[in-house]
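One structure is given below, encoded as structure tokens.
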Amino acid sequence: MCGIIAAASERNVSELLVKGLHKMEYRGYDSAGLALHQENDITHLKALGKVSLLEEKLKSENPSSTLGIAHTRWATHGEPSEKNAHPHKSNERIYIVHNGIIENHLELKIFLEEEGYQINSETDSEVIGHLLDYFLNQRNNILDSIYLTKEKLDGAYAIAVLDIKDGENIYLARSKSPLLIGKGNNENFAASDPLAIGKLANEFIFLEDDDVAVISKSTIQIYDATKQSIQRKITEIDSEYQTTSKGEYKHFMEKEIYEQPQAILNTLDGRVGGDDVRDDIFGIGSSELFKKVKRIQIVACGTSLHAGRVASNWLSAIAGIPTQVDYASEYRYRNPHVDEDSLLVTISQSGETADTIAALRYGKEKDYLSTTTICNVPTSSLARESDFFLYTNAGPEIGVASTKAFTTQLTGLMLLVLSLAKSRKMNPKLRKRIITALRKLPEKIEEALELKQQIIKIAPEIAKKENALFLGRGIFYPISKEGALKLKEISYIHAEAYPAGELKHGPLALIDENMPVIALAPESEIVEKLVSNLEEVKARGGMLYVFSDTSIKMDLSSGKFINMPECDFLLKPILYTIPLQILAYEVALLRGTEIDQPRNLAKSVTVE
Ligand code: F6R
């Protein structure tokens with residue numbers, strides 16, 4: 001993961017670089033560093049921990065520079081430490097920041113050691129700087145050295161390079177990891193994410209795989225894989241997308257939970273008309289193409305995968321389309337059979353998740369009819385590389401734990417179901433029912449958010465425990481998995497989810513008075529069976545917290561019933577997500593964890 005940023009300007013860039021790093025802390029926050037060019041010298045600062053610690057160091061040194069690179073790290077190779085923090089340097093001349101993974105770094109280290117280089121860190125990144133220095137010493141100019149270095153590197157990278165002998169330019173290269181250039185007024189920038197430089201530039205150039213670029217304060221030169229000078233498309237990005245303040249909330253996650261009614265309205269905006277979805281909401285030609293789809297393959301990771309699992313139920317039950325769902329990290333390694341007329345659907349908040357991008361690229365080489373993504377970042381790799389795209393329009397999600405991205409993905413997936421069902425003789429009453437329910441969804445979510453006070457009462461009992469079990473059946477099983485994921489990632493309580501009927505096949509052995517069991521029990525044809533499963537838990541002393549909109553005939557000796565608002569059954573998975581997000585948040589608050597930036601995680605997982 002990691003975030004990189006570079007700036008070439010007429011003014012002092014040190015604070016700009018640190019501000020940009022703060023905006024990219026979602027990509028990693030275990031150490032940070034920068035290198036600033038000053039005449040024939042470089043100020044090189046590193047700090048273990050968050051960007052604010054680097055900022056303190058910077059304040060005490062107060063360097064001024066018009067050319068610099070900076071990095072915030074999420075450790076892949078080598079523990080979080082100052083030694084492993086970027087920028088890495090070679091021969092007191094070359095300074096580099098890197099995002100990605102150099103897969104052949106071990107063999108490159110051996111080569112470099114044989115050439116007399118001393119390896120100073122445990123990272124895979126350090127080799128990049130030494131290779132550049134090695135090629136420079138062989139009388140190549142810096143651009144040629146970058147191309148020669150690229151030939152040696154296997155893996156994914158976005159790199160920014162500062163050369164002590166060059167006070168004008170910053171050199172950039174990318175392969176599989178995101179990197180873009182921002183054009184400012186007599187200044188130019190590069191970063192892993194437009195958020196980092198959004199306030200400084202409004203025109204962006206997304207570098208393509210194997211591009212190399214050189215930026216100075218007044219020039220931008222881009223070269224393709226064959227070293228030919230090339231122009232890449234300029235994109236303008238809506239400045240609203242850049243809004244990243246917590247406002248009245250304690251955490252971004254809290255803010256993002258409470259933003260969900262508006263976020264869902266934004267997803268629906270312009271996509272629904274009368275009693276149906278509009279044509280071509282996934283892009284021009286999508287409605288025509290969707291008529292031919294006979295099967296669907298969904299790939300995604302984490303929370304986005306849970307959205308895919310809910311959607312697979314909808315797709316087969318509502319649109320009659322058989323759907324398979326795979327972890328993006330597994331999909332391409334199982335030699336999947338691709339049926340004719342299949343649509344490949346990827347789901348992602350960031351659109352930069354390395355495994356999901358790799359699955360899309362793998363899929364594009366197979367016989368899929370087409371590819372579609374549901375994604376929250378219109379400029380992302382997934383959005384750009386998919387044939388069709390639905391922008392969830394949830395606004396920036398900063399909290400590492402995904403909340404509004406998930407419920408807007410589910411809303412977008414229901415729009416996909418309706419778009420596919422359009423040409424499949426869908427019962428008009430059912431279509432009207434779903435559209436009506438979608439329109440009411442934001443207000444239903446508002447009602448679910450009002451459960452906060454009830455949830456605050458149960459949070460202390462769960463916060464004391466070290467384990468929790470989530471139960472759901474049918475389409476609520478992926479929602480229970482999402483609830484368990486939220487709890488474990490921000491409160492560090494070990495949480496598992498099971499389809500309730502599976503309990504007696506093993507997990508029941510875990511139940512005693514120390515095991516909180518959180519059950520999703522909406523009114524449905526199997527609610528009676530679920531209640532029997534809950535009785536089995538109660539009989540063994542488990543603490544039950546049951547979220548339900550129906551009267552369940554059961555006395556709880558420990559635990560609580562929480563009455564859910566009523567809502568159309570088909571959209572209940574979205575509604576039942578809300579109290580689970582609030583529960584995870586309130587429990588984490590009591591346990592005093594770093595809610596927006598949980599340990600060991602990062603928001604955008606750009607490594608495989
Ligand atoms: C969990 C979470 C992750 C992401 C996953 C995929 O709260 O946020 O599990 O869902 O890393 O990320 P995207 O959706 O950006 O592809």
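Residue numbers start at 1 in each chain; chains themselves are named A, B, ... in the order of the structure tokens; ligands are numbered from 1 in the order shown.
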With the cut-off set at 10 Å and counting only C-alpha atoms and all ligand atoms, tabulate each residue of chain A with an atom at most that distance from an atom of ligand 1, showing the nearest atom pair and its distance in Å to one decimal, ordered by chain and increasing number, as a Markdown table.
```
| residue | atom | partner | partner_atom_place_in_ligand_line | distance |
| --- | --- | --- | --- | --- |
| A:Val299 | CA | ligand 1 | 16 (O) | 9.8 |
| A:Ala300 | CA | ligand 1 | 16 (O) | 6.4 |
| A:Cys301 | CA | ligand 1 | 6 (C) | 4.5 |
| A:Gly302 | CA | ligand 1 | 9 (O) | 3.2 |
| A:Thr303 | CA | ligand 1 | 10 (O) | 3.7 |
| A:Ser304 | CA | ligand 1 | 10 (O) | 4.7 |
| A:Leu305 | CA | ligand 1 | 10 (O) | 7.2 |
| A:His306 | CA | ligand 1 | 10 (O) | 8.4 |
| A:Ala307 | CA | ligand 1 | 10 (O) | 9.2 |
| A:Ala328 | CA | ligand 1 | 16 (O) | 9.3 |
| A:Thr346 | CA | ligand 1 | 16 (O) | 8.7 |
| A:Ile347 | CA | ligand 1 | 14 (O) | 6.5 |
| A:Ser348 | CA | ligand 1 | 14 (O) | 3.4 |
| A:Gln349 | CA | ligand 1 | 14 (O) | 3.6 |
| A:Ser350 | CA | ligand 1 | 15 (O) | 3.7 |
| A:Gly351 | CA | ligand 1 | 15 (O) | 5.6 |
| A:Glu352 | CA | ligand 1 | 15 (O) | 6.3 |
| A:Thr353 | CA | ligand 1 | 16 (O) | 4.6 |
| A:Ala354 | CA | ligand 1 | 16 (O) | 8.1 |
| A:Asp355 | CA | ligand 1 | 16 (O) | 8.4 |
| A:Thr356 | CA | ligand 1 | 16 (O) | 6.6 |
| A:Ile357 | CA | ligand 1 | 16 (O) | 8.8 |
| A:Ile374 | CA | ligand 1 | 14 (O) | 9.5 |
| A:Cys375 | CA | ligand 1 | 14 (O) | 7.7 |
| A:Asn376 | CA | ligand 1 | 15 (O) | 8.3 |
| A:Val377 | CA | ligand 1 | 15 (O) | 9.1 |
| A:Leu382 | CA | ligand 1 | 16 (O) | 9.3 |
| A:Glu397 | CA | ligand 1 | 8 (O) | 9.4 |
| A:Ile398 | CA | ligand 1 | 8 (O) | 9.9 |
| A:Gly399 | CA | ligand 1 | 8 (O) | 8.3 |
| A:Val400 | CA | ligand 1 | 8 (O) | 5.7 |
| A:Ala401 | CA | ligand 1 | 7 (O) | 3.4 |
| A:Ser402 | CA | ligand 1 | 7 (O) | 3.9 |
| A:Thr403 | CA | ligand 1 | 7 (O) | 7.0 |
| A:Ala405 | CA | ligand 1 | 14 (O) | 7.5 |
| A:Phe406 | CA | ligand 1 | 10 (O) | 7.8 |
| A:Gln409 | CA | ligand 1 | 14 (O) | 9.2 |
| A:Glu482 | CA | ligand 1 | 7 (O) | 8.0 |
| A:Gly483 | CA | ligand 1 | 7 (O) | 9.6 |
| A:Leu485 | CA | ligand 1 | 1 (C) | 6.7 |
| A:Lys486 | CA | ligand 1 | 7 (O) | 5.9 |
| A:Leu487 | CA | ligand 1 | 7 (O) | 9.4 |
| A:Lys488 | CA | ligand 1 | 7 (O) | 9.6 |
| A:Glu489 | CA | ligand 1 | 7 (O) | 7.1 |
| A:Ile490 | CA | ligand 1 | 7 (O) | 8.7 |
| A:Gln581 | CA | ligand 1 | 7 (O) | 9.9 |
| A:Leu601 | CA | ligand 1 | 11 (O) | 8.9 |
| A:Ala602 | CA | ligand 1 | 11 (O) | 8.0 |
| A:Lys603 | CA | ligand 1 | 8 (O) | 6.4 |
| A:Ser604 | CA | ligand 1 | 15 (O) | 5.6 |
| A:Val605 | CA | ligand 1 | 11 (O) | 5.7 |
| A:Thr606 | CA | ligand 1 | 15 (O) | 9.0 |
```
Looking only at the backbone, which of the residues in segment 242-368 of chain A does DSSP tag as strand (DSSP E or B), as an NGL selection string? :A and (272-273 or 276-277 or 295-300 or 323-327 or 342-348)
Using only C-alpha atoms, which residues sit within 7 Å of segment 155-162 of chain A once same-chain residues fewer than 4 positions away are excluded, as a PyMOL selection string? chain A and resi 6+69+94-103+170-179
List as a list in words the protein and nucleic acid residues near Val277 of chain A, meaning an atom at most 12 Å away when only C-alpha atoms are counted, but skip any in the same chain fewer than 5 places from it. Leu268, Asp269, Gly270, Arg271, Val272, Phe282, Ser287, Gly412, Met414, Leu415, Leu416, Val417, Leu418, Ser419, Leu420, Ala421, Lys422, Ser423, Arg431, Lys432, Ile434, Ile435, Thr436, Leu438 and Arg439 of chain A
Keeping only N, CA and C atoms, write the selected residues as a PDB file, in the first residue's frame.
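Saved file selection36.pdb follows:
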```pdb
ATOM      1  N   LEU A 268     -28.611   6.686  -5.828  1.00  0.00           N
ATOM      2  CA  LEU A 268     -29.848   6.532  -6.613  1.00  0.00           C
ATOM      3  C   LEU A 268     -30.067   7.695  -7.584  1.00  0.00           C
ATOM      4  N   ASP A 269     -29.441   8.832  -7.259  1.00  0.00           N
ATOM      5  CA  ASP A 269     -29.713  10.067  -8.007  1.00  0.00           C
ATOM      6  C   ASP A 269     -29.530   9.890  -9.519  1.00  0.00           C
ATOM      7  N   GLY A 270     -30.578  10.160 -10.255  1.00  0.00           N
ATOM      8  CA  GLY A 270     -30.512  10.128 -11.718  1.00  0.00           C
ATOM      9  C   GLY A 270     -30.569   8.733 -12.304  1.00  0.00           C
ATOM     10  N   ARG A 271     -30.645   7.717 -11.440  1.00  0.00           N
ATOM     11  CA  ARG A 271     -30.618   6.342 -11.967  1.00  0.00           C
ATOM     12  C   ARG A 271     -32.002   5.701 -12.013  1.00  0.00           C
ATOM     13  N   VAL A 272     -32.945   6.300 -11.248  1.00  0.00           N
ATOM     14  CA  VAL A 272     -34.279   5.709 -11.177  1.00  0.00           C
ATOM     15  C   VAL A 272     -35.254   6.705 -11.785  1.00  0.00           C
ATOM     16  N   PHE A 282     -25.114   2.032 -16.378  1.00  0.00           N
ATOM     17  CA  PHE A 282     -23.742   1.516 -16.215  1.00  0.00           C
ATOM     18  C   PHE A 282     -22.830   1.982 -17.346  1.00  0.00           C
ATOM     19  N   SER A 287     -27.225  -1.339 -21.291  1.00  0.00           N
ATOM     20  CA  SER A 287     -28.543  -1.991 -21.265  1.00  0.00           C
ATOM     21  C   SER A 287     -28.642  -3.037 -22.378  1.00  0.00           C
ATOM     22  N   GLY A 412     -26.135   0.041  -5.337  1.00  0.00           N
ATOM     23  CA  GLY A 412     -25.706  -0.038  -6.742  1.00  0.00           C
ATOM     24  C   GLY A 412     -25.918  -1.436  -7.302  1.00  0.00           C
ATOM     25  N   MET A 414     -28.264  -3.508  -6.367  1.00  0.00           N
ATOM     26  CA  MET A 414     -29.693  -3.684  -6.650  1.00  0.00           C
ATOM     27  C   MET A 414     -30.044  -2.998  -7.977  1.00  0.00           C
ATOM     28  N   LEU A 415     -29.378  -1.878  -8.274  1.00  0.00           N
ATOM     29  CA  LEU A 415     -29.603  -1.225  -9.577  1.00  0.00           C
ATOM     30  C   LEU A 415     -29.113  -2.127 -10.718  1.00  0.00           C
ATOM     31  N   LEU A 416     -28.030  -2.869 -10.452  1.00  0.00           N
ATOM     32  CA  LEU A 416     -27.537  -3.820 -11.462  1.00  0.00           C
ATOM     33  C   LEU A 416     -28.567  -4.936 -11.675  1.00  0.00           C
ATOM     34  N   VAL A 417     -29.114  -5.439 -10.553  1.00  0.00           N
ATOM     35  CA  VAL A 417     -30.122  -6.507 -10.646  1.00  0.00           C
ATOM     36  C   VAL A 417     -31.296  -6.024 -11.500  1.00  0.00           C
ATOM     37  N   LEU A 418     -31.748  -4.798 -11.211  1.00  0.00           N
ATOM     38  CA  LEU A 418     -32.906  -4.274 -11.958  1.00  0.00           C
ATOM     39  C   LEU A 418     -32.550  -4.029 -13.423  1.00  0.00           C
ATOM     40  N   SER A 419     -31.336  -3.555 -13.668  1.00  0.00           N
ATOM     41  CA  SER A 419     -30.919  -3.310 -15.064  1.00  0.00           C
ATOM     42  C   SER A 419     -30.882  -4.624 -15.830  1.00  0.00           C
ATOM     43  N   LEU A 420     -30.390  -5.683 -15.181  1.00  0.00           N
ATOM     44  CA  LEU A 420     -30.324  -6.990 -15.849  1.00  0.00           C
ATOM     45  C   LEU A 420     -31.713  -7.592 -16.011  1.00  0.00           C
ATOM     46  N   ALA A 421     -32.564  -7.323 -14.994  1.00  0.00           N
ATOM     47  CA  ALA A 421     -33.903  -7.933 -15.028  1.00  0.00           C
ATOM     48  C   ALA A 421     -34.797  -7.265 -16.068  1.00  0.00           C
ATOM     49  N   LYS A 422     -34.420  -6.063 -16.477  1.00  0.00           N
ATOM     50  CA  LYS A 422     -35.251  -5.273 -17.410  1.00  0.00           C
ATOM     51  C   LYS A 422     -35.658  -6.057 -18.641  1.00  0.00           C
ATOM     52  N   SER A 423     -34.704  -6.759 -19.210  1.00  0.00           N
ATOM     53  CA  SER A 423     -35.005  -7.456 -20.460  1.00  0.00           C
ATOM     54  C   SER A 423     -35.444  -8.902 -20.197  1.00  0.00           C
ATOM     55  N   ARG A 431     -40.963  -5.262  -9.765  1.00  0.00           N
ATOM     56  CA  ARG A 431     -40.074  -4.155 -10.114  1.00  0.00           C
ATOM     57  C   ARG A 431     -40.517  -2.878  -9.381  1.00  0.00           C
ATOM     58  N   LYS A 432     -41.840  -2.626  -9.419  1.00  0.00           N
ATOM     59  CA  LYS A 432     -42.369  -1.424  -8.778  1.00  0.00           C
ATOM     60  C   LYS A 432     -42.102  -1.476  -7.272  1.00  0.00           C
ATOM     61  N   ILE A 434     -39.668  -2.987  -5.695  1.00  0.00           N
ATOM     62  CA  ILE A 434     -38.253  -2.721  -5.367  1.00  0.00           C
ATOM     63  C   ILE A 434     -37.931  -1.237  -5.520  1.00  0.00           C
ATOM     64  N   ILE A 435     -38.445  -0.641  -6.591  1.00  0.00           N
ATOM     65  CA  ILE A 435     -38.166   0.797  -6.806  1.00  0.00           C
ATOM     66  C   ILE A 435     -38.740   1.619  -5.648  1.00  0.00           C
ATOM     67  N   THR A 436     -39.956   1.276  -5.232  1.00  0.00           N
ATOM     68  CA  THR A 436     -40.564   2.001  -4.104  1.00  0.00           C
ATOM     69  C   THR A 436     -39.703   1.822  -2.857  1.00  0.00           C
ATOM     70  N   LEU A 438     -36.522   1.135  -2.699  1.00  0.00           N
ATOM     71  CA  LEU A 438     -35.249   1.866  -2.841  1.00  0.00           C
ATOM     72  C   LEU A 438     -35.451   3.344  -2.519  1.00  0.00           C
ATOM     73  N   ARG A 439     -36.579   3.891  -2.992  1.00  0.00           N
ATOM     74  CA  ARG A 439     -36.828   5.320  -2.741  1.00  0.00           C
ATOM     75  C   ARG A 439     -36.996   5.598  -1.244  1.00  0.00           C
TER      76      ARG A 439
END
```
Just asking: which residues within segment 327-483 of chain A are helix (DSSP H, G or I) according to DSSP, as a VMD selection string? chain A and resid 328 to 331 354 to 365 381 to 385 404 to 421 428 to 449 452 to 463 474 to 483
Separation of atom CA of Gly501 of chain A from atom CA of Lys529 of chain A, in Å and rounded to one decimal: 8.1 Å
